Amino acid sequence: MIGEEELLYKRFLELGRKSQSCHYYIFTDFLGLMERSVFEEAKRELGPVPCTAFGGTHGCERVMIRFGDPSELGYEEPFPIKILEITPLSPKFAEKLSHRDYLGSILALGIERCKIGDIVILEDSAYLFASDDIADYVKESLSRIRRTDVRCEYCEELPEGELFKTKRVKIQASGERVDAVVAKVFSLSREEASRLFVKRCIFIDGKLCENQSKVPKVGSTVSVRGYGRFIYLGYETLTKKGKKNIEVDLFV
């Protein structure tokens with residue numbers, strides 16, 4: 001680990017032990033991929049200290065960590081996360097907005113990235129998971145994204161069905177090494193995929209992966225910073241040339 005990661009590692013240990021010794025819940029801000037990876041390392045040293053990761057709903061990539069457990073503390077305390085639904089005032093004239101557009105407009109309000117969780121775009125709407133200490137401010141202040149006027153309201157109930165949608169993708173690769181799979185899924189050369197490991201951009205189930213030859217387990221989530229993520233489903237058949245027919249569920 002590098003300097004900042006070592007400090008974060010020690011901070012996680014401090015929070016976990018404080019929660020256990022003082023007998024109350026402690027929450028982190030939202031963690032990105034690298035921060036989650038550092039937490040997973042710290043979790044080993046914390047041992048029996050109870051902790052839970054949650055981002056607002058199942059499938060979130062950015063999560064908060066709650067130190068403490070209801071069975072030990074005797075009471076429940078929910079995660080301090082609010083869900084905001086962002087919709088255009090005039091859907092007919094609204095632009096097609098990207099994740100970057102939404103995030104850029106939110107951060108332009110002066111909000112730190114650690115206060116913002118996942119942003120999920122469904123057709124003309126977006127669902128924002130935000131720390132409850134800044135949710136009111138976002139609700140009142142976010143009125144325009146690019147050239148589109150929007151309204152921002154609290155969402156009491158998420159839409160039915162899967163919020164994080166995937167599509168089944170089939171690839172052919174010489175083996176199940178994670179570098180080969182990543183290259184095929186995101187249409188990269190093996191050299192480009194290798195550079196992502198050097199840049200520390202590959203994570204498997206929330207842990208940094210620097211071993212290009214690692215074979216992910218079936219059901220593992222592989223996240224590639226800057227490209228996306230997928231669930232690895234393994235392979236069932238071989239081609240006549242001995243290549244493996246591999247399937248993944250790519251988040252879209």
# chains A, B, ... in the order shown; residues from 1 in each chain; ligands from 1
>>> select_by_dssp(residues="range 72-169 of chain A", states="strand (DSSP E or B)", output="number ranges by chain")
A: 81-88, 116-122, 125-131, 144-145, 148-154, 166-169
>>> write_last_selection(atoms="N, CA and C atoms", output="tab-separated table (two decimals), in the first residue's frame")
chain	number	residue	atom	x	y	z
A	81	ILE	N	-28.31	7.12	4.39
A	81	ILE	CA	-28.34	7.26	2.93
A	81	ILE	C	-29.75	7.67	2.50
A	82	LYS	N	-29.84	8.68	1.67
A	82	LYS	CA	-31.10	9.10	1.07
A	82	LYS	C	-31.03	8.85	-0.44
A	83	ILE	N	-32.19	8.56	-1.02
A	83	ILE	CA	-32.28	8.34	-2.47
A	83	ILE	C	-33.04	9.51	-3.09
A	84	LEU	N	-32.44	10.12	-4.09
A	84	LEU	CA	-33.06	11.23	-4.80
A	84	LEU	C	-33.35	10.83	-6.24
A	85	GLU	N	-34.52	11.17	-6.72
A	85	GLU	CA	-34.87	10.93	-8.12
A	85	GLU	C	-34.76	12.24	-8.89
A	86	ILE	N	-33.99	12.23	-9.95
A	86	ILE	CA	-33.76	13.42	-10.77
A	86	ILE	C	-34.46	13.22	-12.11
A	87	THR	N	-35.38	14.13	-12.44
A	87	THR	CA	-36.13	14.01	-13.69
A	87	THR	C	-36.15	15.35	-14.42
A	88	PRO	N	-36.23	15.35	-15.75
A	88	PRO	CA	-36.30	16.61	-16.50
A	88	PRO	C	-37.65	17.28	-16.33
A	116	ILE	N	-21.31	11.17	-2.18
A	116	ILE	CA	-22.18	10.70	-3.26
A	116	ILE	C	-21.90	9.23	-3.53
A	117	GLY	N	-22.97	8.44	-3.57
A	117	GLY	CA	-22.84	7.03	-3.90
A	117	GLY	C	-23.08	6.80	-5.38
A	118	ASP	N	-23.74	5.73	-5.71
A	118	ASP	CA	-24.01	5.40	-7.10
A	118	ASP	C	-25.04	6.35	-7.70
A	119	ILE	N	-24.95	6.54	-9.00
A	119	ILE	CA	-25.95	7.26	-9.78
A	119	ILE	C	-26.42	6.30	-10.86
A	120	VAL	N	-27.70	5.95	-10.82
A	120	VAL	CA	-28.25	4.97	-11.76
A	120	VAL	C	-29.20	5.67	-12.71
A	121	ILE	N	-28.95	5.53	-14.00
A	121	ILE	CA	-29.77	6.18	-15.02
A	121	ILE	C	-30.72	5.17	-15.62
A	122	LEU	N	-32.02	5.48	-15.57
A	122	LEU	CA	-33.06	4.65	-16.18
A	122	LEU	C	-33.90	5.53	-17.10
A	125	SER	N	-34.87	9.28	-16.24
A	125	SER	CA	-34.67	9.57	-14.82
A	125	SER	C	-33.32	9.05	-14.34
A	126	ALA	N	-32.87	9.62	-13.23
A	126	ALA	CA	-31.66	9.11	-12.58
A	126	ALA	C	-31.93	9.02	-11.09
A	127	TYR	N	-31.36	8.00	-10.47
A	127	TYR	CA	-31.50	7.81	-9.02
A	127	TYR	C	-30.14	8.01	-8.37
A	128	LEU	N	-30.11	8.92	-7.44
A	128	LEU	CA	-28.88	9.30	-6.77
A	128	LEU	C	-28.90	8.83	-5.32
A	129	PHE	N	-27.87	8.11	-4.92
A	129	PHE	CA	-27.71	7.69	-3.52
A	129	PHE	C	-26.74	8.67	-2.87
A	130	ALA	N	-27.24	9.37	-1.86
A	130	ALA	CA	-26.45	10.45	-1.26
A	130	ALA	C	-26.45	10.33	0.26
A	131	SER	N	-25.38	10.81	0.86
A	131	SER	CA	-25.31	10.88	2.31
A	131	SER	C	-26.39	11.83	2.81
A	144	ARG	N	-30.38	22.15	-12.75
A	144	ARG	CA	-30.01	22.15	-14.16
A	144	ARG	C	-28.81	21.23	-14.38
A	145	ILE	N	-28.88	20.40	-15.40
A	145	ILE	CA	-27.77	19.56	-15.81
A	145	ILE	C	-27.52	19.81	-17.29
A	148	THR	N	-30.37	21.13	-19.56
A	148	THR	CA	-31.67	20.55	-19.21
A	148	THR	C	-32.07	20.94	-17.79
A	149	ASP	N	-33.24	21.57	-17.67
A	149	ASP	CA	-33.78	21.89	-16.35
A	149	ASP	C	-34.35	20.63	-15.73
A	150	VAL	N	-34.03	20.41	-14.45
A	150	VAL	CA	-34.46	19.17	-13.78
A	150	VAL	C	-35.12	19.49	-12.44
A	151	ARG	N	-35.88	18.51	-11.95
A	151	ARG	CA	-36.39	18.55	-10.59
A	151	ARG	C	-35.74	17.40	-9.82
A	152	CYS	N	-35.56	17.62	-8.55
A	152	CYS	CA	-34.88	16.64	-7.71
A	152	CYS	C	-35.75	16.41	-6.47
A	153	GLU	N	-36.26	15.19	-6.32
A	153	GLU	CA	-37.17	14.88	-5.22
A	153	GLU	C	-36.73	13.60	-4.51
A	154	TYR	N	-37.13	13.48	-3.26
A	154	TYR	CA	-36.83	12.25	-2.54
A	154	TYR	C	-37.61	11.08	-3.14
A	166	THR	N	-28.16	-5.75	-16.43
A	166	THR	CA	-27.03	-6.41	-17.08
A	166	THR	C	-27.47	-7.01	-18.40
A	167	LYS	N	-26.51	-7.27	-19.25
A	167	LYS	CA	-26.79	-8.01	-20.47
A	167	LYS	C	-25.78	-9.14	-20.58
A	168	ARG	N	-26.24	-10.29	-21.06
A	168	ARG	CA	-25.38	-11.45	-21.19
A	168	ARG	C	-24.45	-11.26	-22.40
A	169	VAL	N	-23.17	-11.39	-22.15
A	169	VAL	CA	-22.15	-11.23	-23.20
A	169	VAL	C	-21.37	-12.54	-23.29
>>> residues_around(residues="Glu4 in chain A", least_positions_apart="5", cutoff="12 Å", atoms="only C-alpha atoms", output="CSV table (one decimal) with C-alpha atoms, in the first residue's frame")
chain,number,residue,atom,x,y,z
A,9,TYR,CA,-6.1,1.4,6.6
A,10,LYS,CA,-5.2,2.7,10.0
A,11,ARG,CA,-8.4,4.8,10.0
A,34,MET,CA,-9.6,1.5,-4.0
A,35,GLU,CA,-11.0,2.6,-0.6
A,38,VAL,CA,-8.1,-1.1,1.6
>>> select_by_dssp(residues="range 78-248 of chain A", states="helix (DSSP H, G or I)", output="PyMOL selection string")
chain A and resi 91-93+99-107+113-115+132-141+178-185+190-198
>>> write_last_selection(atoms="N, CA and C atoms", output="tab-separated table (two decimals), in the first residue's frame")
chain	number	residue	atom	x	y	z
A	91	PRO	N	-39.57	16.53	-20.37
A	91	PRO	CA	-38.96	15.33	-20.96
A	91	PRO	C	-38.85	15.40	-22.48
A	92	LYS	N	-39.79	16.05	-23.11
A	92	LYS	CA	-39.79	16.12	-24.57
A	92	LYS	C	-38.55	16.83	-25.11
A	93	PHE	N	-38.05	17.81	-24.36
A	93	PHE	CA	-36.92	18.61	-24.83
A	93	PHE	C	-35.62	18.30	-24.06
A	99	HIS	N	-23.80	9.59	-17.12
A	99	HIS	CA	-23.39	9.54	-15.72
A	99	HIS	C	-22.45	10.70	-15.40
A	100	ARG	N	-21.54	10.98	-16.32
A	100	ARG	CA	-20.60	12.09	-16.12
A	100	ARG	C	-21.32	13.43	-16.01
A	101	ASP	N	-22.38	13.60	-16.80
A	101	ASP	CA	-23.15	14.85	-16.74
A	101	ASP	C	-23.78	15.04	-15.37
A	102	TYR	N	-24.44	13.99	-14.88
A	102	TYR	CA	-25.07	14.07	-13.56
A	102	TYR	C	-24.04	14.33	-12.47
A	103	LEU	N	-22.98	13.54	-12.46
A	103	LEU	CA	-21.97	13.67	-11.42
A	103	LEU	C	-21.30	15.04	-11.46
A	104	GLY	N	-20.99	15.51	-12.67
A	104	GLY	CA	-20.34	16.82	-12.80
A	104	GLY	C	-21.19	17.94	-12.23
A	105	SER	N	-22.49	17.90	-12.50
A	105	SER	CA	-23.39	18.95	-12.01
A	105	SER	C	-23.53	18.89	-10.49
A	106	ILE	N	-23.53	17.68	-9.94
A	106	ILE	CA	-23.65	17.53	-8.49
A	106	ILE	C	-22.39	18.02	-7.79
A	107	LEU	N	-21.22	17.63	-8.30
A	107	LEU	CA	-19.97	18.06	-7.69
A	107	LEU	C	-19.77	19.57	-7.84
A	113	ARG	N	-16.88	14.18	-3.32
A	113	ARG	CA	-17.23	12.90	-3.96
A	113	ARG	C	-17.62	11.84	-2.94
A	114	CYS	N	-17.01	11.86	-1.76
A	114	CYS	CA	-17.28	10.85	-0.75
A	114	CYS	C	-18.70	10.91	-0.19
A	115	LYS	N	-19.43	11.99	-0.49
A	115	LYS	CA	-20.80	12.13	-0.02
A	115	LYS	C	-21.81	11.58	-1.03
A	132	ASP	N	-27.07	11.45	3.89
A	132	ASP	CA	-28.22	12.25	4.30
A	132	ASP	C	-27.86	13.64	4.81
A	133	ASP	N	-26.58	13.87	5.12
A	133	ASP	CA	-26.21	15.21	5.59
A	133	ASP	C	-26.09	16.23	4.46
A	134	ILE	N	-26.10	15.77	3.21
A	134	ILE	CA	-26.06	16.73	2.09
A	134	ILE	C	-27.27	16.56	1.17
A	135	ALA	N	-28.14	15.60	1.47
A	135	ALA	CA	-29.26	15.30	0.58
A	135	ALA	C	-30.20	16.48	0.41
A	136	ASP	N	-30.53	17.16	1.51
A	136	ASP	CA	-31.43	18.32	1.41
A	136	ASP	C	-30.83	19.40	0.51
A	137	TYR	N	-29.54	19.62	0.66
A	137	TYR	CA	-28.87	20.65	-0.14
A	137	TYR	C	-28.93	20.31	-1.63
A	138	VAL	N	-28.67	19.04	-1.95
A	138	VAL	CA	-28.76	18.63	-3.36
A	138	VAL	C	-30.18	18.80	-3.88
A	139	LYS	N	-31.14	18.39	-3.08
A	139	LYS	CA	-32.55	18.49	-3.48
A	139	LYS	C	-32.94	19.92	-3.80
A	140	GLU	N	-32.48	20.85	-3.00
A	140	GLU	CA	-32.86	22.25	-3.18
A	140	GLU	C	-32.02	22.97	-4.24
A	141	SER	N	-30.81	22.49	-4.47
A	141	SER	CA	-29.87	23.24	-5.31
A	141	SER	C	-29.73	22.71	-6.74
A	178	VAL	N	-7.92	-13.40	-15.81
A	178	VAL	CA	-8.70	-12.18	-15.75
A	178	VAL	C	-8.26	-11.16	-16.79
A	179	ASP	N	-6.96	-11.12	-17.14
A	179	ASP	CA	-6.52	-10.15	-18.15
A	179	ASP	C	-7.10	-10.48	-19.52
A	180	ALA	N	-7.20	-11.78	-19.84
A	180	ALA	CA	-7.76	-12.19	-21.13
A	180	ALA	C	-9.25	-11.89	-21.19
A	181	VAL	N	-9.95	-12.14	-20.09
A	181	VAL	CA	-11.39	-11.90	-20.05
A	181	VAL	C	-11.69	-10.41	-20.14
A	182	VAL	N	-10.96	-9.60	-19.37
A	182	VAL	CA	-11.16	-8.14	-19.40
A	182	VAL	C	-10.90	-7.60	-20.81
A	183	ALA	N	-9.84	-8.08	-21.45
A	183	ALA	CA	-9.52	-7.61	-22.81
A	183	ALA	C	-10.66	-7.91	-23.77
A	184	LYS	N	-11.23	-9.10	-23.68
A	184	LYS	CA	-12.31	-9.48	-24.60
A	184	LYS	C	-13.61	-8.74	-24.29
A	185	VAL	N	-13.95	-8.62	-23.03
A	185	VAL	CA	-15.21	-7.97	-22.66
A	185	VAL	C	-15.24	-6.51	-23.08
A	190	ARG	N	-4.39	-7.17	-25.39
A	190	ARG	CA	-3.83	-7.70	-24.15
A	190	ARG	C	-2.87	-6.71	-23.52
A	191	GLU	N	-2.18	-5.93	-24.37
A	191	GLU	CA	-1.25	-4.91	-23.85
A	191	GLU	C	-2.02	-3.83	-23.10
A	192	GLU	N	-3.16	-3.39	-23.67
A	192	GLU	CA	-3.97	-2.38	-23.01
A	192	GLU	C	-4.52	-2.91	-21.69
A	193	ALA	N	-4.95	-4.17	-21.71
A	193	ALA	CA	-5.46	-4.78	-20.48
A	193	ALA	C	-4.35	-4.87	-19.43
A	194	SER	N	-3.15	-5.22	-19.84
A	194	SER	CA	-2.02	-5.33	-18.91
A	194	SER	C	-1.73	-3.99	-18.24
A	195	ARG	N	-1.84	-2.91	-18.99
A	195	ARG	CA	-1.56	-1.59	-18.42
A	195	ARG	C	-2.56	-1.24	-17.31
A	196	LEU	N	-3.78	-1.77	-17.42
A	196	LEU	CA	-4.78	-1.50	-16.39
A	196	LEU	C	-4.38	-2.11	-15.05
A	197	PHE	N	-3.68	-3.23	-15.10
A	197	PHE	CA	-3.19	-3.84	-13.86
A	197	PHE	C	-2.07	-2.98	-13.26
A	198	VAL	N	-1.20	-2.47	-14.12
A	198	VAL	CA	-0.11	-1.62	-13.65
A	198	VAL	C	-0.68	-0.35	-13.01
>>> atom_distance(atom1="CA of Gln172 in chain A", atom2="CA of Thr221 in chain A")
18.8 Å
>>> atom_distance(atom1="CA of Pro48 in chain A", atom2="CA of Lys207 in chain A")
19.7 Å
>>> residues_around(residues="range 12-18 of chain A", least_positions_apart="6", cutoff="9 Å", atoms="only C-alpha atoms", output="ChimeraX atom specification")
/A:24,26-28,38-39,42-43,45-46,49-51,66-68
>>> atom_distance(atom1="CA of Ile204 in chain A", atom2="CA of Arg177 in chain A")
12.4 Å
>>> closest_residue(among="A:Ser174, A:Thr57, A:Ser223, A:Ser98", to="Thr239 in chain A", atoms="only C-alpha atoms")
A:Ser174
>>> closest_residue(among="A:Val215, A:Asp69, A:Cys155, A:Glu40", to="Thr52 in chain A", atoms="only C-alpha atoms")
A:Asp69
>>> closest_residue(among="A:Pro216, A:Gly234, A:Gly59, A:Gly226", to="Lys170 in chain A", atoms="only C-alpha atoms")
A:Gly234
>>> closest_residue(among="A:Leu89, A:Leu8, A:Glu156, A:Gln20", to="Ser143 in chain A", atoms="only C-alpha atoms")
A:Leu89
>>> residues_around(residues="Phe186 in chain A", least_positions_apart="5", cutoff="10 Å", atoms="only C-alpha atoms", output="list in words")
Val181, Ala193, Val224, Tyr227, Gly228, Arg229 and Leu250 of chain A
